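What follows is a single structure, written as structure tokens, with notes after it.
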Amino acid sequence: MREILYRLKDRYHLGTPTFQRTDLCFVTVRRDEIRAILTELRDMEGFTHLTFLTAVDWIEEQLFQLTYMVNNREANLSLGLRVLLDREDATGDTIHDLWPTAATYQRELREMFGIKFPGSPRVDEEFILEGWTDLPPYRRDFDTLAYSQQTYNDRPGRVTHDPKTHMQKTLYPSYPKGAK
Amino acid sequence: MSLRDVLSPFTAWKHVIDDPVTIKDPFNRPGADRYRGFHQNDMDKCIGCGSCEEICQNAAIDMVPVEGQHAGPGDSGLRPMIDYGRCCWCALCVDVCMTGSLTMSNEYTWVDSDPDAFRFVPGADGKSWDLDVKGYQREDVRRLTGTTRAPMGEMPAEERIGNFCEIVDGFTPEQAVIEADRCVECGLCVATCPAHMDIPDYIAKVRDGDFEGGLRLLYETNPFSQACGRICTHKCETTCAAMHEGDTIAIRWLKRAITDSVPRERYFDLIRKPDVPETGQKIAIIGAGPAGLTTAYDLARAGHKVVVFEALDKPGGMMRYGIPEYRLPYDVLDHEISVIEAMGVEIRCNMRVGKEISIDQLKTAYDAVVLSIGLHQGRSTRVPGSEKAEAAIDLLRRITAGEEVPVPEQVAVIGGGNVAMDIARSMARLQKIIYGTVGVTVTALEELDRFLADREEIEEAQEEGCVIYPARGPQEITVAGDTVTGLRTWKVKAIFDEEGRFAPKYDETDEMIHPAGMVVEAIGQMSDISLLGADLTEQLEWNRGRIMIDSEGQTSEPWLWAAGDVTSGPDVIHAVADGHRVARSVGKMLAAKREKLQ
């Protein structure tokens with residue numbers, strides 16, 4: 001794995017690699033180099049399989065992170081390539097021409113995170129959400145609870161009790177609390 | 001096409017006699033072992049903290065009272081009711097559950113024409129899957145809430161033993177925020193706190209870094225938050241939801257973090273006297289301890305004129321004259337009391353009621369009198385030689401007052417409570433300063449794990465070189481001429497008889513002599529009620545030697561209330577709670593009096 005990284009390092013900008021295991025490594029690369037690196041890994045280094053493509057919302061840093069996991073089956077090596085995108089109007093470069101399956105991942109990321117992949121086949125079609133009009137739901141600023149409360153009705157007759165208030169009422173109703 | 005391509009389909013025939021891998025009865029097939037199906041809840045383990053309701057992203061959970069479950073220490077008595085019309089089976093509720101009571105069975109097929117049947121309380125409304133073993137359980141690799149308390153810095157024993165400097169560092173604001181972040185804000189602790197402080201709310205302020213907002217909250221329920229942040233018996237922490245699967249939240253230290261983080265001069269801006277009209281009514285309070293001063297604080301803020309009469313040199317009561325400086329530094333207490341004085345409370349020190357002024361004079365000159373004199377007289381073992389013993393409480397007072405106390409090289413302490421530890425550790429410090437070594441033995445009737453003292457007090461005393469002999473009963477204080485030479489003890493076989501009455505039994509063959517130049521009795525205290533005078537003592541109703549009071553602290557006399565250790569005890573936070581109760585009761589009486597006059 002290290003030899004592969006040494007070979008890439010001469011021509012591309014690689015971050016510090018993180019070895020999770022000897023056969024599993026993550027490294028951050030530049031967005032404008034990801035396609036070239038993936039192509040080289042696939043064609044020269046035997047990483048023929050795209051295991052998955054996923055995203056992480058680093059909302060505090062205003063970044064999305066794309067993770068491309070590629071696998072060399074012969075050598076049993078997995079390499080995760082990370083690309084950071086501006087969260088605002090996030091756009092990634094499609095790789096459906098390298099791996100046709102990537103189109104599906106990209107369609108999912110478009111729907112769940114709102115990350116655009118111009119040129120990817122059917123990327124703007126609905127994937128699993130039908131008629132979704134809210135924020136993409138995997139974004140961390142999407143409020144799941146508020147959405148659920150707006151969207152779904154409660155069964156009638158629902159009542160809840162706050163533990164603290166309930167204990168005050170049952171255990172010490174006459175204590176002069178809040179009277180001051 | 002090769003021959004192999006033609007023949008290979010026939011190789012499948014070799015499986016013709018194998019068992020099929022498909023399911024024979026697809027209508028009764030079980031879910032996968034770790035399937036997230038209908039919930040199970042262990043009613044006895046569940047504490048009704050509501051963390052499941054809080055985390056549910058579908059608002060599918062209500063906390064409801066359930067037959068057979070009652071509110072009590074560390075249990076709200078509520079249990080989660082789940083609306084399966086909203087549940088998405090994500091299992092966040094199981095992952096966050098503070099006790100591990102909530103799990104999921106792998107049962108997920110159930111048909112019913114009544115939609116309300118899918119709203120029920122798992123564990124209380126019996127279901128066929130309640131005892132199923134399979135299903136989703138938390139993996140216990142990591143927890144959503146941290147299980148480990150933020151570390152607290154403390155002076156090591158060898159550094160602290162030669163002085164009276166404060167031992168505990170207190171959290172830095174950063175540590176406090178980390179610790180506060182572990183709290184699930186269930187509020188079970190609030191019922192346990194005698195003053196019912198708004199614990200989750202002020203912890204939330206710490207987490208948000210809003211220490212000034214936190215301080216305002218503290219003062220709504222406790223004008224002795226600085227003292228309590230250091231020396232509270234913190235029973236709240238015995239009912240913390242976090243204790244079931246990790247360290248309890250350091251509630252006491254978080255309180256202290258708030259009070260330490262706000263600059264002292266800011267207190268006077270944040271804690272202001274409310275803008276209320278003066279009533280012109282006057283209250284006399286006897287004793288400037290936590291109960292008296294809390295009463296004074298409340299009543300002064302309500303517009304009354306309050307005068308506190310204190311027999312000793314300085315206000316604070318047991319917080320100053322009982323609790324050693326290494327646990328509660330005097331400057332902290334001074335500042336705390338100055339905030340109370342800023343409400344207009346007048347404290348007159350060196351005014352012993354019954355000597356400088358009589359209680360009858362107070363009765364005449366004031367609209368109400370509050371008796372909060374504490375327990376400042378030590379009890380005696382009354383064993384032979386006990387007239388030569390020192391009373392712990394008296395010694396502690398003299399040490400605080402800066403009086404010269406005798407410090408022999410060997411001291412024996414009788415008692416296993418916090419006062420015993422306080423005097424043992426104080427004498428150990430004085431010995432260390434004079435002789436460079438510690439020679440303190442502590443004997444008590446109880447086994448070590450039954451000592452009344454706080455665990456950390458015992459451990460710290462041992463770290464400092466005090467030697468503890470549990471289950472030893474005092475028989476005699478040995479004397480040679482006029483000087484004490486030691487303490488003779490027998491092994492305790494039992495402290496109480498069959499009916500639970502105090503009647504210690506000893507093993508007389510197991511005798512020990514603890515050599516000592518001083519024996520200190522720390523077996524309990526009582527009130528010095530001589531200030532009441534014979535007539536009032538006669539008039540008042542009593543209950544087993546204590547002044548009888550109603551639930552609001554009023555005595556049988558309409559002008560006299562009693563609060564704090566003199567009636568209840570046993571600690572500062574109970575005294576504060578008493579003070580609030582009495583202040584409200586006095587306030588009601590005064591309001592009625594005003595109305596009558598109009």
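By order of appearance in the structure tokens: chains A, B, ..., then residues from 1 within every chain, and ligands from 1 in the order shown.
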Which residues, written as a ChimeraX atom specification, have at least one atom at most 9 Å from Asp162 in chain A, with only C-alpha atoms counted and residues fewer than 5 positions away on the same chain left out?
/A:167 /B:49-50,63,78,186-187
Identify every residue of chain B that has at least one atom within 9 Å of any atom of chain A, counting only C-alpha atoms, and report the result as a CSV table (one decimal) with all heavy atoms, in the first residue's frame.
```
chain,number,residue,atom,x,y,z
B,48,GLY,N,-37.5,5.7,34.5
B,48,GLY,CA,-38.4,6.8,34.0
B,48,GLY,C,-37.7,8.1,33.7
B,48,GLY,O,-38.2,9.2,34.0
B,49,CYS,N,-36.4,8.1,33.3
B,49,CYS,CA,-35.7,9.3,33.1
B,49,CYS,C,-36.1,10.1,31.8
B,49,CYS,O,-35.9,11.3,31.7
B,49,CYS,CB,-34.2,9.1,33.0
B,49,CYS,SG,-33.6,8.2,31.6
B,50,GLY,N,-36.8,9.4,30.9
B,50,GLY,CA,-37.3,10.0,29.7
B,50,GLY,C,-36.2,10.3,28.6
B,50,GLY,O,-36.5,11.1,27.7
B,56,CYS,N,-35.9,10.5,20.7
B,56,CYS,CA,-36.7,10.0,19.6
B,56,CYS,C,-37.0,11.1,18.6
B,56,CYS,O,-37.5,12.2,18.9
B,56,CYS,CB,-38.1,9.5,20.1
B,56,CYS,SG,-39.1,8.9,18.8
B,57,GLN,N,-36.5,10.8,17.4
B,57,GLN,CA,-36.6,11.8,16.3
B,57,GLN,C,-38.0,11.8,15.6
B,57,GLN,O,-38.3,12.5,14.7
B,57,GLN,CB,-35.5,11.6,15.3
B,57,GLN,CG,-34.2,11.8,15.8
B,57,GLN,CD,-33.9,13.3,16.2
B,57,GLN,OE1,-34.1,14.2,15.4
B,57,GLN,NE2,-33.7,13.5,17.5
B,58,ASN,N,-38.9,10.9,16.1
B,58,ASN,CA,-40.2,10.8,15.5
B,58,ASN,C,-41.3,11.2,16.5
B,58,ASN,O,-42.5,11.1,16.2
B,58,ASN,CB,-40.5,9.4,15.0
B,58,ASN,CG,-39.7,9.1,13.8
B,58,ASN,OD1,-39.7,9.9,12.8
B,58,ASN,ND2,-38.9,8.0,13.8
B,59,ALA,N,-40.9,11.7,17.7
B,59,ALA,CA,-41.9,12.1,18.7
B,59,ALA,C,-42.8,10.9,19.0
B,59,ALA,O,-44.0,11.1,19.0
B,59,ALA,CB,-42.6,13.3,18.4
B,60,ALA,N,-42.3,9.7,19.0
B,60,ALA,CA,-43.1,8.5,19.2
B,60,ALA,C,-43.3,8.1,20.6
B,60,ALA,O,-44.1,7.2,20.9
B,60,ALA,CB,-42.5,7.3,18.4
B,61,ILE,N,-42.6,8.7,21.6
B,61,ILE,CA,-42.6,8.2,22.9
B,61,ILE,C,-43.2,9.3,23.9
B,61,ILE,O,-42.8,10.5,23.8
B,61,ILE,CB,-41.2,7.9,23.4
B,61,ILE,CG1,-40.6,6.8,22.5
B,61,ILE,CG2,-41.1,7.4,24.8
B,61,ILE,CD1,-39.2,6.3,22.8
B,62,ASP,N,-44.1,8.8,24.7
B,62,ASP,CA,-44.6,9.7,25.8
B,62,ASP,C,-44.2,9.0,27.1
B,62,ASP,O,-44.2,7.8,27.2
B,62,ASP,CB,-46.2,9.7,25.8
B,62,ASP,CG,-46.7,10.4,24.5
B,62,ASP,OD1,-46.0,11.4,24.1
B,62,ASP,OD2,-47.7,10.0,24.0
B,63,MET,N,-43.9,9.8,28.1
B,63,MET,CA,-43.7,9.3,29.5
B,63,MET,C,-45.0,9.3,30.3
B,63,MET,O,-45.6,10.4,30.4
B,63,MET,CB,-42.6,10.1,30.2
B,63,MET,CG,-41.2,10.1,29.5
B,63,MET,SD,-40.6,8.4,29.3
B,63,MET,CE,-40.3,7.9,31.0
B,64,VAL,N,-45.4,8.2,30.7
B,64,VAL,CA,-46.8,8.1,31.4
B,64,VAL,C,-46.7,7.4,32.7
B,64,VAL,O,-45.8,6.5,32.9
B,64,VAL,CB,-47.8,7.4,30.5
B,64,VAL,CG1,-48.0,8.1,29.2
B,64,VAL,CG2,-47.4,6.0,30.2
B,65,PRO,N,-47.5,7.8,33.7
B,65,PRO,CA,-47.6,7.0,34.9
B,65,PRO,C,-48.2,5.6,34.6
B,65,PRO,O,-49.0,5.4,33.7
B,65,PRO,CB,-48.6,7.8,35.8
B,65,PRO,CG,-48.9,9.1,35.0
B,65,PRO,CD,-48.5,8.9,33.6
B,71,ALA,N,-43.2,7.1,42.0
B,71,ALA,CA,-42.1,8.1,42.1
B,71,ALA,C,-41.4,7.9,43.4
B,71,ALA,O,-42.0,7.7,44.4
B,71,ALA,CB,-42.6,9.5,41.9
B,72,GLY,N,-40.1,7.9,43.4
B,72,GLY,CA,-39.3,7.7,44.6
B,72,GLY,C,-37.8,8.1,44.2
B,72,GLY,O,-37.6,8.6,43.1
B,75,ASP,N,-36.2,7.5,40.7
B,75,ASP,CA,-37.2,6.9,39.8
B,75,ASP,C,-38.4,7.8,39.7
B,75,ASP,O,-39.1,8.1,40.7
B,75,ASP,CB,-37.6,5.5,40.3
B,75,ASP,CG,-38.6,4.8,39.3
B,75,ASP,OD1,-39.0,5.4,38.3
B,75,ASP,OD2,-38.9,3.6,39.6
B,76,SER,N,-38.7,8.3,38.5
B,76,SER,CA,-39.8,9.2,38.3
B,76,SER,C,-41.2,8.5,38.4
B,76,SER,O,-42.2,9.2,38.6
B,76,SER,CB,-39.7,10.0,37.0
B,76,SER,OG,-40.1,9.1,35.9
B,77,GLY,N,-41.2,7.2,38.3
B,77,GLY,CA,-42.4,6.4,38.3
B,77,GLY,C,-43.1,6.4,37.0
B,77,GLY,O,-44.1,5.8,36.8
B,78,LEU,N,-42.6,7.2,36.0
B,78,LEU,CA,-43.1,7.2,34.7
B,78,LEU,C,-42.4,6.1,33.8
B,78,LEU,O,-41.3,5.7,34.1
B,78,LEU,CB,-42.8,8.6,34.0
B,78,LEU,CG,-43.4,9.8,34.7
B,78,LEU,CD1,-42.9,11.1,34.1
B,78,LEU,CD2,-44.9,9.8,34.6
B,81,MET,N,-44.3,5.1,26.8
B,81,MET,CA,-45.4,4.6,26.0
B,81,MET,C,-45.0,4.9,24.5
B,81,MET,O,-44.7,6.0,24.2
B,81,MET,CB,-46.7,5.2,26.4
B,81,MET,CG,-47.8,4.7,25.5
B,81,MET,SD,-49.4,5.6,25.9
B,81,MET,CE,-50.3,4.2,26.5
B,83,ASP,N,-45.7,5.0,20.5
B,83,ASP,CA,-46.7,5.1,19.4
B,83,ASP,C,-46.1,4.5,18.1
B,83,ASP,O,-45.2,5.1,17.5
B,83,ASP,CB,-47.1,6.5,19.2
B,83,ASP,CG,-48.1,6.7,18.0
B,83,ASP,OD1,-48.4,5.7,17.3
B,83,ASP,OD2,-48.6,7.8,17.8
B,85,GLY,N,-47.2,3.9,15.4
B,85,GLY,CA,-47.6,4.6,14.1
B,85,GLY,C,-46.5,5.6,13.7
B,85,GLY,O,-46.4,6.0,12.6
B,86,ARG,N,-45.7,6.0,14.7
B,86,ARG,CA,-44.6,7.0,14.4
B,86,ARG,C,-43.2,6.4,14.5
B,86,ARG,O,-42.3,6.9,13.9
B,86,ARG,CB,-44.7,8.1,15.5
B,86,ARG,CG,-45.9,8.9,15.4
B,86,ARG,CD,-45.8,10.2,16.3
B,86,ARG,NE,-44.9,11.1,15.7
B,86,ARG,CZ,-45.3,12.2,15.0
B,86,ARG,NH1,-46.6,12.5,14.9
B,86,ARG,NH2,-44.4,13.0,14.5
B,115,PRO,N,-56.1,0.8,15.4
B,115,PRO,CA,-54.8,1.5,15.4
B,115,PRO,C,-54.2,1.8,16.8
B,115,PRO,O,-53.0,1.9,17.0
B,115,PRO,CB,-55.0,2.7,14.5
B,115,PRO,CG,-56.5,2.8,14.4
B,115,PRO,CD,-57.1,1.5,14.7
B,116,ASP,N,-55.1,2.0,17.7
B,116,ASP,CA,-54.7,2.4,19.1
B,116,ASP,C,-54.0,1.2,19.8
B,116,ASP,O,-53.4,1.4,20.8
B,116,ASP,CB,-55.8,2.9,19.9
B,116,ASP,CG,-56.2,4.4,19.5
B,116,ASP,OD1,-55.2,5.1,19.2
B,116,ASP,OD2,-57.3,4.7,19.4
B,119,ARG,N,-50.3,1.6,20.3
B,119,ARG,CA,-49.8,2.5,21.3
B,119,ARG,C,-49.8,1.8,22.7
B,119,ARG,O,-50.9,1.5,23.2
B,119,ARG,CB,-50.7,3.8,21.4
B,119,ARG,CG,-50.1,5.0,20.7
B,119,ARG,CD,-51.0,6.1,21.0
B,119,ARG,NE,-50.8,6.7,22.3
B,119,ARG,CZ,-51.7,7.2,23.1
B,119,ARG,NH1,-52.9,7.2,22.7
B,119,ARG,NH2,-51.4,7.7,24.3
B,186,CYS,N,-32.4,14.8,32.9
B,186,CYS,CA,-33.7,14.1,33.2
B,186,CYS,C,-34.4,14.7,34.4
B,186,CYS,O,-35.6,14.7,34.5
B,186,CYS,CB,-33.5,12.6,33.4
B,186,CYS,SG,-32.4,12.2,34.8
B,187,GLY,N,-33.5,15.3,35.3
B,187,GLY,CA,-34.1,15.9,36.5
B,187,GLY,C,-34.5,15.0,37.6
B,187,GLY,O,-35.2,15.5,38.6
B,188,LEU,N,-34.1,13.8,37.6
B,188,LEU,CA,-34.4,12.9,38.7
B,188,LEU,C,-33.8,13.4,40.0
B,188,LEU,O,-34.3,13.2,41.1
B,188,LEU,CB,-34.0,11.4,38.4
B,188,LEU,CG,-34.6,10.7,37.3
B,188,LEU,CD1,-34.1,9.3,37.2
B,188,LEU,CD2,-36.1,10.7,37.3
B,189,CYS,N,-32.6,14.0,39.9
B,189,CYS,CA,-31.9,14.5,41.0
B,189,CYS,C,-32.6,15.6,41.8
B,189,CYS,O,-32.4,15.8,43.0
B,189,CYS,CB,-30.5,15.0,40.5
B,189,CYS,SG,-30.7,16.1,39.1
B,190,VAL,N,-33.5,16.4,41.1
B,190,VAL,CA,-34.1,17.5,41.7
B,190,VAL,C,-34.9,17.1,42.9
B,190,VAL,O,-35.0,17.8,43.9
B,190,VAL,CB,-34.9,18.3,40.6
B,190,VAL,CG1,-35.6,19.5,41.3
B,190,VAL,CG2,-34.1,18.7,39.5
B,191,ALA,N,-35.6,16.0,42.8
B,191,ALA,CA,-36.5,15.6,43.9
B,191,ALA,C,-35.6,15.2,45.1
B,191,ALA,O,-36.0,15.3,46.2
B,191,ALA,CB,-37.3,14.4,43.4
B,195,ALA,N,-33.2,21.1,48.8
B,195,ALA,CA,-33.7,22.4,48.4
B,195,ALA,C,-34.2,22.4,46.9
B,195,ALA,O,-34.6,23.5,46.4
B,195,ALA,CB,-32.5,23.4,48.5
B,196,HIS,N,-34.3,21.2,46.4
B,196,HIS,CA,-34.9,21.1,45.0
B,196,HIS,C,-34.3,22.1,44.0
B,196,HIS,O,-35.0,22.8,43.4
B,196,HIS,CB,-36.4,21.1,45.0
B,196,HIS,CG,-37.0,20.1,46.0
B,196,HIS,ND1,-36.8,18.8,45.9
B,196,HIS,CD2,-37.7,20.3,47.2
B,196,HIS,CE1,-37.4,18.2,47.0
B,196,HIS,NE2,-37.9,19.1,47.7
B,197,MET,N,-33.0,22.1,44.0
B,197,MET,CA,-32.3,23.1,43.1
B,197,MET,C,-32.6,22.7,41.7
B,197,MET,O,-32.8,21.5,41.4
B,197,MET,CB,-30.8,23.1,43.4
B,197,MET,CG,-30.5,23.6,44.8
B,197,MET,SD,-28.7,23.9,45.0
B,197,MET,CE,-28.5,25.4,44.1
B,220,GLU,N,-31.7,31.3,42.8
B,220,GLU,CA,-33.1,31.2,42.9
B,220,GLU,C,-33.5,30.1,44.0
B,220,GLU,O,-34.6,30.2,44.6
B,220,GLU,CB,-33.8,30.8,41.6
B,220,GLU,CG,-33.9,32.0,40.7
B,220,GLU,CD,-34.5,31.7,39.4
B,220,GLU,OE1,-35.2,30.7,39.3
B,220,GLU,OE2,-34.3,32.4,38.4
B,221,THR,N,-32.7,29.2,44.2
B,221,THR,CA,-33.0,28.1,45.2
B,221,THR,C,-32.0,28.0,46.3
B,221,THR,O,-32.3,27.3,47.3
B,221,THR,CB,-33.0,26.7,44.5
B,221,THR,OG1,-31.8,26.6,43.7
B,221,THR,CG2,-34.2,26.6,43.5
B,298,ASP,N,-34.4,35.4,52.1
B,298,ASP,CA,-35.7,35.4,51.4
B,298,ASP,C,-36.6,36.6,52.0
B,298,ASP,O,-37.3,37.2,51.2
B,298,ASP,CB,-36.4,34.1,51.7
B,298,ASP,CG,-35.9,32.9,50.9
B,298,ASP,OD1,-35.0,33.2,50.1
B,298,ASP,OD2,-36.4,31.8,51.0
B,301,ARG,N,-35.5,40.0,50.8
B,301,ARG,CA,-35.8,40.2,49.4
B,301,ARG,C,-37.3,40.5,49.2
B,301,ARG,O,-37.8,41.0,48.2
B,301,ARG,CB,-35.4,39.0,48.6
B,301,ARG,CG,-33.9,39.0,48.3
B,301,ARG,CD,-33.4,37.7,47.8
B,301,ARG,NE,-33.9,37.4,46.4
B,301,ARG,CZ,-33.3,37.9,45.3
B,301,ARG,NH1,-32.2,38.6,45.4
B,301,ARG,NH2,-33.9,37.6,44.1
B,302,ALA,N,-38.1,40.1,50.3
B,302,ALA,CA,-39.6,40.3,50.2
B,302,ALA,C,-39.9,41.7,50.8
B,302,ALA,O,-41.1,42.0,50.9
B,302,ALA,CB,-40.3,39.2,50.9
B,577,ALA,N,-33.0,24.5,52.8
B,577,ALA,CA,-34.4,24.2,52.4
B,577,ALA,C,-35.3,24.6,53.6
B,577,ALA,O,-36.4,25.2,53.4
B,577,ALA,CB,-34.5,22.7,52.2
B,580,HIS,N,-36.0,28.4,53.5
B,580,HIS,CA,-37.0,28.8,52.5
B,580,HIS,C,-38.4,28.5,53.0
B,580,HIS,O,-39.3,29.3,52.9
B,580,HIS,CB,-36.8,28.0,51.2
B,580,HIS,CG,-35.6,28.4,50.4
B,580,HIS,ND1,-35.2,29.7,50.2
B,580,HIS,CD2,-34.6,27.7,49.7
B,580,HIS,CE1,-34.1,29.8,49.5
B,580,HIS,NE2,-33.7,28.6,49.2
B,581,ARG,N,-38.6,27.3,53.6
B,581,ARG,CA,-39.9,27.0,54.2
B,581,ARG,C,-40.3,27.9,55.2
B,581,ARG,O,-41.5,28.5,55.2
B,581,ARG,CB,-39.8,25.6,54.8
B,581,ARG,CG,-40.3,24.5,53.8
B,581,ARG,CD,-40.5,23.2,54.6
B,581,ARG,NE,-39.9,22.1,53.7
B,581,ARG,CZ,-38.7,21.5,53.9
B,581,ARG,NH1,-38.0,21.8,54.9
B,581,ARG,NH2,-38.3,20.6,53.0
B,584,ARG,N,-41.2,31.4,53.9
B,584,ARG,CA,-42.5,31.5,53.3
B,584,ARG,C,-43.6,31.6,54.4
B,584,ARG,O,-44.6,32.4,54.3
B,584,ARG,CB,-42.8,30.4,52.4
B,584,ARG,CG,-44.2,30.5,51.7
B,584,ARG,CD,-44.5,29.5,50.7
B,584,ARG,NE,-44.6,28.2,51.3
B,584,ARG,CZ,-45.0,27.1,50.7
B,584,ARG,NH1,-45.3,27.1,49.4
B,584,ARG,NH2,-45.0,25.9,51.3
```
Skip Glu459 in chain B itself and residues of its chain fewer than 6 positions away, then list as a PyMOL selection string all residues within 12 Å of it, counting only C-alpha atoms.
chain B and resi 157+418+421+425+448-449+451+453+465-468
Which residues come within 8 Å of Thr18 in chain A, counting only C-alpha atoms, excluding same-chain residues fewer than 6 positions away, as a list in words?
Cys25, Phe26 and Val27 of chain A
Written file, previous selection with C-alpha atoms, as a tab-separated table (two decimals), in the first residue's frame:
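So the final result, stored in part_24.tsv, reads:
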```tsv
chain	number	residue	atom	x	y	z
A	25	CYS	CA	-5.91	3.28	4.29
A	26	PHE	CA	-7.55	6.70	3.95
A	27	VAL	CA	-5.98	9.71	2.30
```
Exercise: Val133 in chain B partners within 10 Å, only C-alpha atoms, chain neighbours under 4 positions left out, as a PyMOL selection string
chain B and resi 33-34+40+103-106+129+137
Give me the residues within 12 Å of Ala176 in chain B as a count of residues only, counting only C-alpha atoms and dropping any in the same chain fewer than 2 places off.
38
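Of the residues in range 263-311 of chain B, those given alpha helix (DSSP H) by DSSP on the backbone are Arg264, Glu265, Arg266, Tyr267, Phe268, Asp269, Leu270, Pro290, Ala291, Gly292, Leu293, Thr294, Thr295, Ala296, Tyr297, Asp298, Leu299, Ala300 and Arg301 of chain B.
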Let's have the selection written as an mmCIF file, in the first residue's frame, with C-alpha atoms.
```cif
data_model
loop_
_atom_site.group_PDB
_atom_site.id
_atom_site.type_symbol
_atom_site.label_atom_id
_atom_site.label_comp_id
_atom_site.auth_asym_id
_atom_site.auth_seq_id
_atom_site.Cartn_x
_atom_site.Cartn_y
_atom_site.Cartn_z
ATOM 1 C CA ARG B 264 -16.872 38.074 42.887
ATOM 2 C CA GLU B 265 -17.828 41.690 42.194
ATOM 3 C CA ARG B 266 -20.210 40.505 39.446
ATOM 4 C CA TYR B 267 -22.342 38.701 42.041
ATOM 5 C CA PHE B 268 -23.653 42.020 43.279
ATOM 6 C CA ASP B 269 -24.813 42.952 39.748
ATOM 7 C CA LEU B 270 -26.367 39.565 39.032
ATOM 8 C CA PRO B 290 -27.213 28.532 56.699
ATOM 9 C CA ALA B 291 -30.818 28.136 57.906
ATOM 10 C CA GLY B 292 -30.998 31.553 59.564
ATOM 11 C CA LEU B 293 -29.275 33.395 56.753
ATOM 12 C CA THR B 294 -31.395 31.695 54.051
ATOM 13 C CA THR B 295 -34.518 32.779 55.930
ATOM 14 C CA ALA B 296 -33.020 36.244 56.208
ATOM 15 C CA TYR B 297 -32.183 36.325 52.489
ATOM 16 C CA ASP B 298 -35.729 35.404 51.445
ATOM 17 C CA LEU B 299 -37.441 37.744 53.894
ATOM 18 C CA ALA B 300 -35.172 40.714 53.106
ATOM 19 C CA ARG B 301 -35.842 40.221 49.405
#
```
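Minimum atom-to-atom distances from A:Glu126, A:Leu98, A:His13, A:Val29 to Phe47 in chain A were compared using only C-alpha atoms, and the lowest value belongs to A:Leu98.
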Using CA of Phe127 in chain A and CA of Asp93 in chain A as the two end points, give the distance in Å to one decimal.
19.1 Å
Skipping near chain neighbours, those fewer than 2 positions away, what residues fall within 9 Å of Ala365 in chain B using only C-alpha atoms, listed as a PyMOL selection string?
chain B and resi 282-284+360-363+367-368
